[in-house]
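Since the structure comes first, as structure tokens, the remarks are kept for the end.
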Amino acid sequence: MKKIKLYLEELSCPDCANKVEQVLNKTEGVKKADVHYTTSKANVEYDPDKINPDGLKKAVAKTGYQVEKTK
Amino acid sequence: MKKKLKIVMISGILIAIGWLSNLLNFDPLIFNTSMVAAAIVAGYQVAISAYNTLKMKVISINLLVTIAAVGAVIIGEYWEAAAVTFLFAFGSYLESRTVGKARDAIRDLMDLAPNLAAVIREGEEKEIAAEEVKVKEKVIVRPGEKIPVDGTVIKGKSEVNQAAITGESIPVSKETGDEVFSGTINKNGYLEIKTEKVGEDTTFGKIIELVEEAQEEKAPTQKLMERFSKYYTPGIILLSLISYFISGSVRLSLTLLVIGCPGALVISTPISIVAGIGNGAKNGILIKGGEYLEKSGEIDMVAFDKTGTLSKGEAEVDQIITYNNKSEAEVLRLAAIAEFNSEHHLARAIKKEAEKMLETEFNSPINFESQTGKGITAQIDDKEIMIGNSRLFNEQEIDIKPEIEEQKNSLEDQGKTVVVVAENKKIIAPISIADRPRENAYQIVEKLKNVGIKKVVMLTGDNERIAESVADELNLDGYKAELLPEDKVKAVEEYQREGYKVAMVGDGINDTPSLVTADIGIAMGAAGTDAAIDTADITLMADNLNKLPYAIGLSKAANRNIKQNVVFAVLVVFALLAGVLGQKVFLASGMLVHELSVLIVIFNAMRLLRYDTA
């Protein structure tokens, strides 16, 4: 398991954070995702054998938000 | 952001055209067309996003709004469709603008991070990115520049504004050997600094990281609200279906969907916490998370570990009582020269006071001699100076007059240490030295009472006499003296058993166990001590007691704010539900109330950004 911080473009509504969080949590290879509306950040625990940071970015992009940087 | 505004404006104009044509009795087709167009403009993005998330099997508020708008068009309620989508788009535009303001508190802080550093490499000055400086490298900081690293001054003297760290903008003077922090501003002198920490390892970097994480830490109330809304949304969707089958009213079912996402409730707690933590961070107060903000709002007792909090934690000259027509300045001058070579902490206090009062530096005396546990003797010009305790003078068979002896005893009863100065075997002055309470300590105790603290007590390792005199002087509600660290833990536990919510205030270095035991551990003057920041729930970066009532007052204000928001949001949820079921609220008005309630909650939280106690 690996952990990564995704810095998202500013989330515009509290529900948007929920949306991104649920989408990430349903993405294959993601063990746990926490998305924070107030900081527009996602803390993701993932299985590096199943998904890489690029895959996570793509999953986020499906919700209409871009990942600005990762850490 | 601009795109959002454009969408809102075009949609708004289309709605206005619709109503205007209605007013002028034009063909209803114009009204209907412009309303549908307005709904499409405002709702297009919403629908796209709803579709995308639905593909991931996630039901979002966007989906509910889309269904409501499309449904409204199908049943011929064109105005309702336009109103719902317009209000939704306008509301989320306003929300992101105001929330952005709350987030700015942290962004302002991050903007203080240094970008560039002038480093000496291979004998030459080079300008590089601040985080690329290496440990032990020499960095140059000119007047007006930001200090780019944590380190020690190796050359130069200057005033430094440490507001980025401590929240206090009164400059602090720095010279060779002093510690400086990244993010602080060099005001007027030239400094050369030996780098010790860089980038994220610096105190400033730690603050930013901590504040960011603190905002994500979910408070208990927030968890409760999230659990509630998790069940509320599917519940409302179900209710919408059931109500359709019972009443057959499509309009009612669609309206239920609009209010299906309790936005104000979800945002009520986190937005107050972001604002509260943001305000604290700007003032040099680090609050580790929403949980601690909520908890410290409930504190009703403050326990101080005296040293380093109520007092500065260093011995200082308290009083000089002169005899034989000597002036205070003369006594101080002689004492400072005599003690020049002594490293005893009482000697340091005397030398410091002399430098401060007389504003000169001193030279070494002749024939300096120190007698451990007694005092010193030294020759200055033609005078023989002795400084020490009773043992020194007994041994030298010098009489201390009963009058002086009495004064000495009374000072010692107040918990002070007294040394006596003699010139040519004649006593010229007793000097009392003490770790005095800070000048503002008395007012701080009062201020704490004003922000709702019932009891202020002191837990100290000092002896009974000192503790009693300090407790008396500061009008404390109680004290416990001669405590070891584990005794302080027991004392805190005892107060907790009596039913108090205890905040323990210490310097965060030797009182860690009691800080952890207390309901809230507060470390003070912690700039540069990572351990203190790690242990404490709340850290006051500045070595200033004033920040304590501020921190507690802010927490209490934040707690009230959260409660107001939650109560308001819950009321709105039930009022809306009742209004919809009672057929008083429909699509447009439902959305209006929903959006307004979210904005009200945000605006209420924003008041915390302006919280300030004078």
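Ordering of the structure tokens sets the chain letters (A, B, ...), residue numbers begin anew at 1 in every chain, and ligands are numbered from 1 in the order given.
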Next on the checklist: Give me the residues near Ser40 in chain A as a ChimeraX atom specification, where near means some atom within 8 Å (using only C-alpha atoms) and where sequence neighbours in that chain fewer than 3 positions away do not count.
Outcome noted: /A:7-11,17,35-37
Keeping only N, CA and C atoms, write the selected residues as a compact mmCIF listing (two decimals), in the first residue's frame.
# COMPACT_ATOMS: atom_id res chain seq x y z
N TYR A 7 -3.37 17.23 -4.86
CA TYR A 7 -3.85 18.60 -4.72
C TYR A 7 -4.77 18.88 -5.89
N LEU A 8 -6.06 19.05 -5.60
CA LEU A 8 -7.03 19.25 -6.67
C LEU A 8 -7.21 20.73 -6.95
N GLU A 9 -7.72 21.04 -8.15
CA GLU A 9 -8.13 22.42 -8.38
C GLU A 9 -9.27 22.69 -7.39
N GLU A 10 -9.47 23.95 -7.06
CA GLU A 10 -10.39 24.29 -5.98
C GLU A 10 -11.77 23.63 -6.13
N LEU A 11 -12.18 22.88 -5.14
CA LEU A 11 -13.50 22.24 -5.18
C LEU A 11 -14.55 23.32 -4.93
N ALA A 17 -16.69 17.46 -3.13
CA ALA A 17 -15.68 16.69 -2.42
C ALA A 17 -16.18 15.27 -2.18
N VAL A 35 -11.32 12.96 0.83
CA VAL A 35 -11.23 14.21 0.08
C VAL A 35 -11.72 15.34 0.97
N HIS A 36 -10.93 16.41 1.02
CA HIS A 36 -11.26 17.51 1.92
C HIS A 36 -11.70 18.73 1.15
N TYR A 37 -12.93 19.09 1.38
CA TYR A 37 -13.48 20.24 0.69
C TYR A 37 -12.71 21.50 1.03
Next on the checklist: Need the shell around range 347-364 of chain B: protein/DNA/RNA residues with any atom at most 12 Å away, counting only C-alpha atoms. Skip same-chain ones fewer than 4 positions apart. Format as a PyMOL selection string?
Outcome noted: chain B and resi 313-320+328-343+368-370+375-376+378-381+387-388+417-421+431-436
Counting only C-alpha atoms, collect the residues of chain A whose closest atom lies at most 9 Å from chain B, and write them out as an mmCIF file with C-alpha atoms, in the first residue's frame.
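Done, and the output landed in out38.cif:
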data_model
loop_
_atom_site.group_PDB
_atom_site.id
_atom_site.type_symbol
_atom_site.label_atom_id
_atom_site.label_comp_id
_atom_site.auth_asym_id
_atom_site.auth_seq_id
_atom_site.Cartn_x
_atom_site.Cartn_y
_atom_site.Cartn_z
ATOM 1 C CA GLU A 10 -10.387 24.288 -5.977
ATOM 2 C CA LEU A 11 -13.500 22.242 -5.177
ATOM 3 C CA SER A 12 -16.521 24.447 -5.661
ATOM 4 C CA CYS A 13 -19.055 22.760 -3.381
ATOM 5 C CA PRO A 14 -19.002 20.446 -0.372
ATOM 6 C CA ASP A 15 -20.870 17.851 -2.363
ATOM 7 C CA CYS A 16 -18.156 17.945 -5.008
ATOM 8 C CA ASN A 18 -18.070 13.861 -1.590
ATOM 9 C CA LYS A 19 -18.388 13.060 -5.254
ATOM 10 C CA VAL A 20 -14.628 12.887 -5.836
ATOM 11 C CA GLN A 22 -16.846 8.316 -3.693
ATOM 12 C CA VAL A 23 -15.463 8.027 -7.211
ATOM 13 C CA LYS A 26 -14.846 2.976 -6.150
ATOM 14 C CA THR A 27 -11.755 3.026 -8.337
ATOM 15 C CA VAL A 35 -11.229 14.211 0.085
ATOM 16 C CA HIS A 36 -11.261 17.511 1.919
ATOM 17 C CA TYR A 37 -13.483 20.244 0.694
ATOM 18 C CA THR A 38 -11.835 22.949 2.764
ATOM 19 C CA THR A 39 -8.327 22.328 1.444
ATOM 20 C CA LYS A 41 -6.912 17.899 -1.175
ATOM 21 C CA LYS A 62 -13.905 11.849 -14.519
ATOM 22 C CA THR A 63 -15.570 14.024 -11.892
ATOM 23 C CA GLY A 64 -14.624 17.149 -13.800
#
Checklist entry - Of the candidates B:Leu459, B:Thr255, B:Phe603, B:Pro234, which one gets nearest to Leu577 in chain B if we count only C-alpha atoms? => result B:Thr255
Item to check | Those of chain A in DSSP strand (DSSP E), formatted as a PyMOL selection string | outcome: chain A and resi 2-8+30-36+41-46+67-70
Go ahead and save the picked residues with C-alpha atoms, as a PDB file, in the first residue's frame.
ATOM      1  CA  LYS A   2       1.203   3.467  -0.816  1.00  0.00           C
ATOM      2  CA  LYS A   3      -0.058   6.849   0.251  1.00  0.00           C
ATOM      3  CA  ILE A   4      -0.306   9.931  -1.907  1.00  0.00           C
ATOM      4  CA  LYS A   5      -1.653  13.461  -1.562  1.00  0.00           C
ATOM      5  CA  LEU A   6      -3.499  14.842  -4.563  1.00  0.00           C
ATOM      6  CA  TYR A   7      -3.846  18.602  -4.717  1.00  0.00           C
ATOM      7  CA  LEU A   8      -7.026  19.250  -6.667  1.00  0.00           C
ATOM      8  CA  VAL A  30      -7.799   2.420  -4.183  1.00  0.00           C
ATOM      9  CA  LYS A  31      -7.967   1.235  -0.616  1.00  0.00           C
ATOM     10  CA  LYS A  32      -9.103   4.431   1.020  1.00  0.00           C
ATOM     11  CA  ALA A  33      -9.625   7.982  -0.173  1.00  0.00           C
ATOM     12  CA  ASP A  34     -10.323  11.052   1.932  1.00  0.00           C
ATOM     13  CA  VAL A  35     -11.229  14.211   0.085  1.00  0.00           C
ATOM     14  CA  HIS A  36     -11.261  17.511   1.919  1.00  0.00           C
ATOM     15  CA  LYS A  41      -6.912  17.899  -1.175  1.00  0.00           C
ATOM     16  CA  ALA A  42      -7.305  14.138  -1.452  1.00  0.00           C
ATOM     17  CA  ASN A  43      -5.366  11.720   0.728  1.00  0.00           C
ATOM     18  CA  VAL A  44      -5.350   8.392  -1.048  1.00  0.00           C
ATOM     19  CA  GLU A  45      -4.095   4.999   0.038  1.00  0.00           C
ATOM     20  CA  TYR A  46      -3.631   2.753  -2.979  1.00  0.00           C
ATOM     21  CA  VAL A  67      -5.170  17.215 -10.116  1.00  0.00           C
ATOM     22  CA  GLU A  68      -2.769  20.152  -9.931  1.00  0.00           C
ATOM     23  CA  LYS A  69       0.102  18.411  -8.173  1.00  0.00           C
ATOM     24  CA  THR A  70       0.837  15.334  -6.127  1.00  0.00           C
TER      25      THR A  70
END
Checklist entry - So how many Å separate CA of Ile562 in chain B and CA of Ala605 in chain B, to one decimal? => result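 CA of Ala605 in chain B lies 7.8 Å from CA of Ile562 in chain B.
Using only C-alpha atoms, the protein and nucleic acid residues lying no more than 8 Å from Asp305 in chain B, apart from those fewer than 6 places from it along its own chain, are B:Met458, B:Leu459, B:Thr460, B:Met504, B:Val505, B:Gly506, B:Asp507, B:Asp511.
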Next on the checklist: Using DSSP secondary structure from the backbone, list all alpha helix (DSSP H) positions within chain A, as number ranges by chain.
Outcome noted: A: 14-25, 53-61
Residues just named, written with C-alpha atoms as an mmCIF file, in the first residue's frame:
data_model
loop_
_atom_site.group_PDB
_atom_site.id
_atom_site.type_symbol
_atom_site.label_atom_id
_atom_site.label_comp_id
_atom_site.auth_asym_id
_atom_site.auth_seq_id
_atom_site.Cartn_x
_atom_site.Cartn_y
_atom_site.Cartn_z
ATOM 1 C CA PRO A 14 -19.002 20.446 -0.372
ATOM 2 C CA ASP A 15 -20.870 17.851 -2.363
ATOM 3 C CA CYS A 16 -18.156 17.945 -5.008
ATOM 4 C CA ALA A 17 -15.676 16.693 -2.416
ATOM 5 C CA ASN A 18 -18.070 13.861 -1.590
ATOM 6 C CA LYS A 19 -18.388 13.060 -5.254
ATOM 7 C CA VAL A 20 -14.628 12.887 -5.836
ATOM 8 C CA GLU A 21 -14.222 10.855 -2.674
ATOM 9 C CA GLN A 22 -16.846 8.316 -3.693
ATOM 10 C CA VAL A 23 -15.463 8.027 -7.211
ATOM 11 C CA LEU A 24 -11.930 7.463 -5.888
ATOM 12 C CA ASN A 25 -13.142 4.906 -3.377
ATOM 13 C CA PRO A 53 -0.710 8.119 -9.693
ATOM 14 C CA ASP A 54 -1.661 8.754 -13.316
ATOM 15 C CA GLY A 55 -4.559 6.342 -12.977
ATOM 16 C CA LEU A 56 -5.681 8.204 -9.860
ATOM 17 C CA LYS A 57 -5.509 11.486 -11.759
ATOM 18 C CA LYS A 58 -7.678 10.012 -14.492
ATOM 19 C CA ALA A 59 -10.238 8.825 -11.960
ATOM 20 C CA VAL A 60 -10.424 12.322 -10.494
ATOM 21 C CA ALA A 61 -10.704 13.845 -13.969
#
